[in-house]
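To start, the structure under review is shown below, and the notes come after it.
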Amino acid sequence: MRPARIAVLRGGRAFDLRPVELEDRIEWSMSSNVVLRWVVALGLTAAIGLLAYYLTPDFSTRPDVGQVIMGGGLLLLGVVVVVCALVWAVNAFRAARLYGNATLELETVPVPIGGRLRGRIRADATLAPDQAINLILQCEESDLGGGESGGGSRVRWESEHLLTANDVQQAGGNLLAHVDLDVPGGQPPTGNEGRHGHSWLLIASFEPSSGYAPRFPLTVLRTAESPPASEREPEPTIGVVGVMQKIGQLATYAQDGTLAEAAAAWHQDEPTQRPPHARVEVLPRASGGVEVVLPKSKGALVSFIWFFLTLPLWIVLPAWGFADLRAIESPPLIAYLLYYGLGFGAPLLLNGLGALSVIWQTRSLQVGTDGVIVQRVLGRRTHPAGKFTTAAALGNTTQGWSVHLEETETSLFGRLQVVALQTQSEARWLAAEVRQALGVKPPAPFID
C-alpha cells in the first residue's frame with residue numbers, strides 16, 4: 001500500500017489534491033475461493049439433510065400416500081441441489097490443483113477515467129496452447145435504495161480482450177500477462193452518485209471454462225488527466241417520464257443519422273482467426289457454405305439427467321391419484337378429472353420439458369446461400385434460401401453470449417439461436433463466419 005496524491009475533479013472545473021491510501025497490488029486467493037465454496041456446499045448439505053429428516057414420514061404405521069409423494073418430491077429436489085453444490089465445490093478444488101493465487105500490479109493508481117488501465121497480472125498458472133485469457137473490464141451500477149428500482153445491481157458497461165498463449169510470458173508454472181485496456185471517459189468513477197453506486201472490476205477468466213477466474217476490484221476515479229465530466233440531467237422519479245425521455249432521444253438520433261450509422265456498423269465484423277479456446281467447429285461444405293458442428297453443452301446433460309429423474313413420476317403420481325379416488329365413496333366426475341389430471345398432467349409437464357430439451361438440442365447446422373439445415377437429436381429442419389439474411393452475436397459477459405440467425409423483418413419468431421457461448425470473441429468470430437456463408441456483404445461505411 002502506498003499513499004497516492006489524487007487530483008479529483010469536482011463539477012468539471014476545480015479539483016482537490018489530497019493523499020489517499022490506494023493499493024497498487026491487488027491480491028486474489030484461489031484457496032479462499034475454494035474454502036468459501038466448500039463452506040456453502042456443506043452448509044446447504046447440512047440444512048437440506050436436517051429438513052429431510054424432519055419431513056420424512058413415519059413408516060412405523062402406514063403413511064399417507066400424499067405425504068410420501070410430497071416428501072419424496074422434496075427429497076429429490078434436495079438431492080439435486082446438494083449434488084449441484086458439491087459439483088460446484090469440487091470444480092473449484094480441481095481448479096486449485098492446477099492453478100494458484102494471482103496478483104494485479106497496477107502502473108497507475110488510481111485508474112483514470114478516460115485513460116488506460118495498465119499493469120501486469122502474475123499468476124501461479126500455466127496457459128495451454130488451446131486456452132486463452134479473457135480479460136473482462138466491468139463497471140457495475142447498483143441502486144442505493146428507494147425509487148422504483150428497489151436496490152438491484154447490473155453491469156452498466158463492459159469490454160472483453162483476449163490474450164492467447166503467445167501474448168503472455170510463462171516459465172516454471174508462473175504466468176505474466178500485460179494489461180492495457182481503455183477506460184472510457186463517459187463512464188462514472190468508483191463511488192456513489194445520486195441514487196446509484198458504481199464499482200469497477202477486472203476479471204481474468206481462463207477459457208474454455210476452467211473454474212479459474214481471478215477477480216480484481218479496481219478504484220477508478222476522475223483525475224486531472226480525465227476529460228471534463230458531461231453535465232447529466234437529474235434522473236426522473238416517475239417511470240413514464242423516463243420512458244418518454246428515451247423515446248425523445250431515439251427520435252433525435254433518427255433525425256441526425258446516429259441510428260443509421262449504428263445500423264450500418266451492426267454486422268460489419270469480418271471473419272477473423274478462430275479463437276484458441278473455441279469448441280465450435282466450422283467446416284467447409286463441398287456444395288458451398290459451411291457446416292457448424294456444436295459441442296456438447298452442460299445444459300444438454302442437465303436436461304438428460306432431469307428427464308431420467310422425473311420418469312418415475314409417470315407411475316408415482318397416477319398411483320397416488322388412484323389410491324385417493326378409492327378412498328372416496330362414489331366420487332363425482334370432477335374428482336376423476338382432478339386426480340387423473342394432476343396424476344398425468346404433472347409428469348407430462350415436468351418430464352416432458354426435459355424430454356423436449358433433449359430432443360430439441362441442436363447438434364449441427366449447414367449454412368449456405370442455398371438455405372440453412374438444422375440437425376437436431378431427432379430429425380432435421382430445412383429453411384429455404386433467403387429465410388435468414390444475417391447472423392448476430394448477442395449478449396454480455398455476465399449472462400453469456402449467443403449467436404442467432406435473423407430474418408430480414410424482425411419479428412417475435414424471426415430469430416433462430418445457433419449456440420450459447422461463453423466469450424464475446426468466440427461469438428463474434430462464429431457470427432462473422434456464418435454471415436460470410438450466407439453471402440452477407442459488409443455495408444459501406446456511413447458517410448454523414
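By order in the C-alpha cells, chains are A, B, ...; within a chain, residues start at 1; ligands start at 1, following the order shown.
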
Notebook entry, point to check: Contacts of range 281-296 of chain A at 12 Å or less, counting only C-alpha atoms, minus same-chain residues fewer than 4 places along, as a PyMOL selection string?
Noted result: chain A and resi 208+271+273-277+300-302+304+358+361-377+403+418-421+426+429-440

Item checked: Which residue of A:Asn351, A:Ser31, A:Gln399, A:Ser297 approaches Leu313 in chain A most closely, using only C-alpha atoms -> A:Asn351

Next item on the list: Between A:Val35, A:Met30, A:Val183, A:Ile328, single out the one closest to Ala213 in chain A, counting only C-alpha atoms.
Entry: A:Met30

Margin query: For a quick check of understanding, using only C-alpha atoms, which of A:Arg118, A:His161, A:Arg156, A:His178 has the smallest distance to His196 in chain A?
Written below: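 Comparing A:Arg118, A:His161, A:Arg156, A:His178 against His196 in chain A, the winner is A:Arg156.
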
Next item on the list: May I have all residues of range 81-185 of chain A that DSSP, computed from the backbone, assigns to strand (DSSP E or B), given as number ranges by chain?
Entry: A: 102-106, 111-112, 116-123, 132-143, 153-164, 169-171, 174-182

Check: Among range 22-219 of chain A, which ones does DSSP place in helix (DSSP H, G or I), written as a PyMOL selection string?
Finding: chain A and resi 30-55+65-98+165-167

Note to self: Quick one: residues within 12 Å of Ala123 in chain A, only C-alpha atoms, excluding same-chain residues fewer than 4 positions away - as a PyMOL selection string?
What the structure shows: chain A and resi 26-30+98-105+127+133+168-178+204-206+212-215

Print the selection's residues with C-alpha atoms to a file, as an mmCIF file, in the first residue's frame.
```
data_model
loop_
_atom_site.group_PDB
_atom_site.id
_atom_site.type_symbol
_atom_site.label_atom_id
_atom_site.label_comp_id
_atom_site.auth_asym_id
_atom_site.auth_seq_id
_atom_site.Cartn_x
_atom_site.Cartn_y
_atom_site.Cartn_z
ATOM 1 C CA ILE A 26 -4.317 -6.359 -5.638
ATOM 2 C CA GLU A 27 -4.171 -9.956 -4.410
ATOM 3 C CA TRP A 28 -6.612 -12.734 -5.299
ATOM 4 C CA SER A 29 -6.522 -16.018 -3.377
ATOM 5 C CA MET A 30 -7.564 -19.280 -5.006
ATOM 6 C CA LEU A 98 -3.910 -26.698 -11.493
ATOM 7 C CA TYR A 99 -3.926 -23.001 -10.649
ATOM 8 C CA GLY A 100 -2.872 -20.874 -7.706
ATOM 9 C CA ASN A 101 -3.107 -17.308 -6.475
ATOM 10 C CA ALA A 102 -2.915 -14.237 -8.688
ATOM 11 C CA THR A 103 -1.783 -10.625 -8.285
ATOM 12 C CA LEU A 104 -2.590 -7.499 -10.292
ATOM 13 C CA GLU A 105 0.195 -4.909 -10.286
ATOM 14 C CA LEU A 127 -1.849 -21.409 -20.114
ATOM 15 C CA ILE A 133 -7.257 -15.460 -21.009
ATOM 16 C CA VAL A 168 1.769 -13.985 -22.170
ATOM 17 C CA GLN A 169 5.101 -14.933 -20.609
ATOM 18 C CA GLN A 170 5.340 -18.340 -18.915
ATOM 19 C CA ALA A 171 8.134 -20.045 -17.011
ATOM 20 C CA GLY A 172 8.247 -22.627 -14.232
ATOM 21 C CA GLY A 173 4.483 -22.734 -13.656
ATOM 22 C CA ASN A 174 4.238 -18.948 -13.362
ATOM 23 C CA LEU A 175 2.472 -16.643 -15.777
ATOM 24 C CA LEU A 176 2.878 -12.949 -16.540
ATOM 25 C CA ALA A 177 0.231 -11.157 -18.601
ATOM 26 C CA HIS A 178 0.399 -7.470 -19.505
ATOM 27 C CA ALA A 204 -9.071 -12.696 -15.890
ATOM 28 C CA SER A 205 -11.069 -15.758 -16.956
ATOM 29 C CA PHE A 206 -9.190 -18.763 -18.340
ATOM 30 C CA TYR A 212 -10.129 -20.213 -12.729
ATOM 31 C CA ALA A 213 -11.140 -16.571 -12.997
ATOM 32 C CA PRO A 214 -9.219 -14.182 -10.702
ATOM 33 C CA ARG A 215 -11.240 -11.064 -9.880
#
```
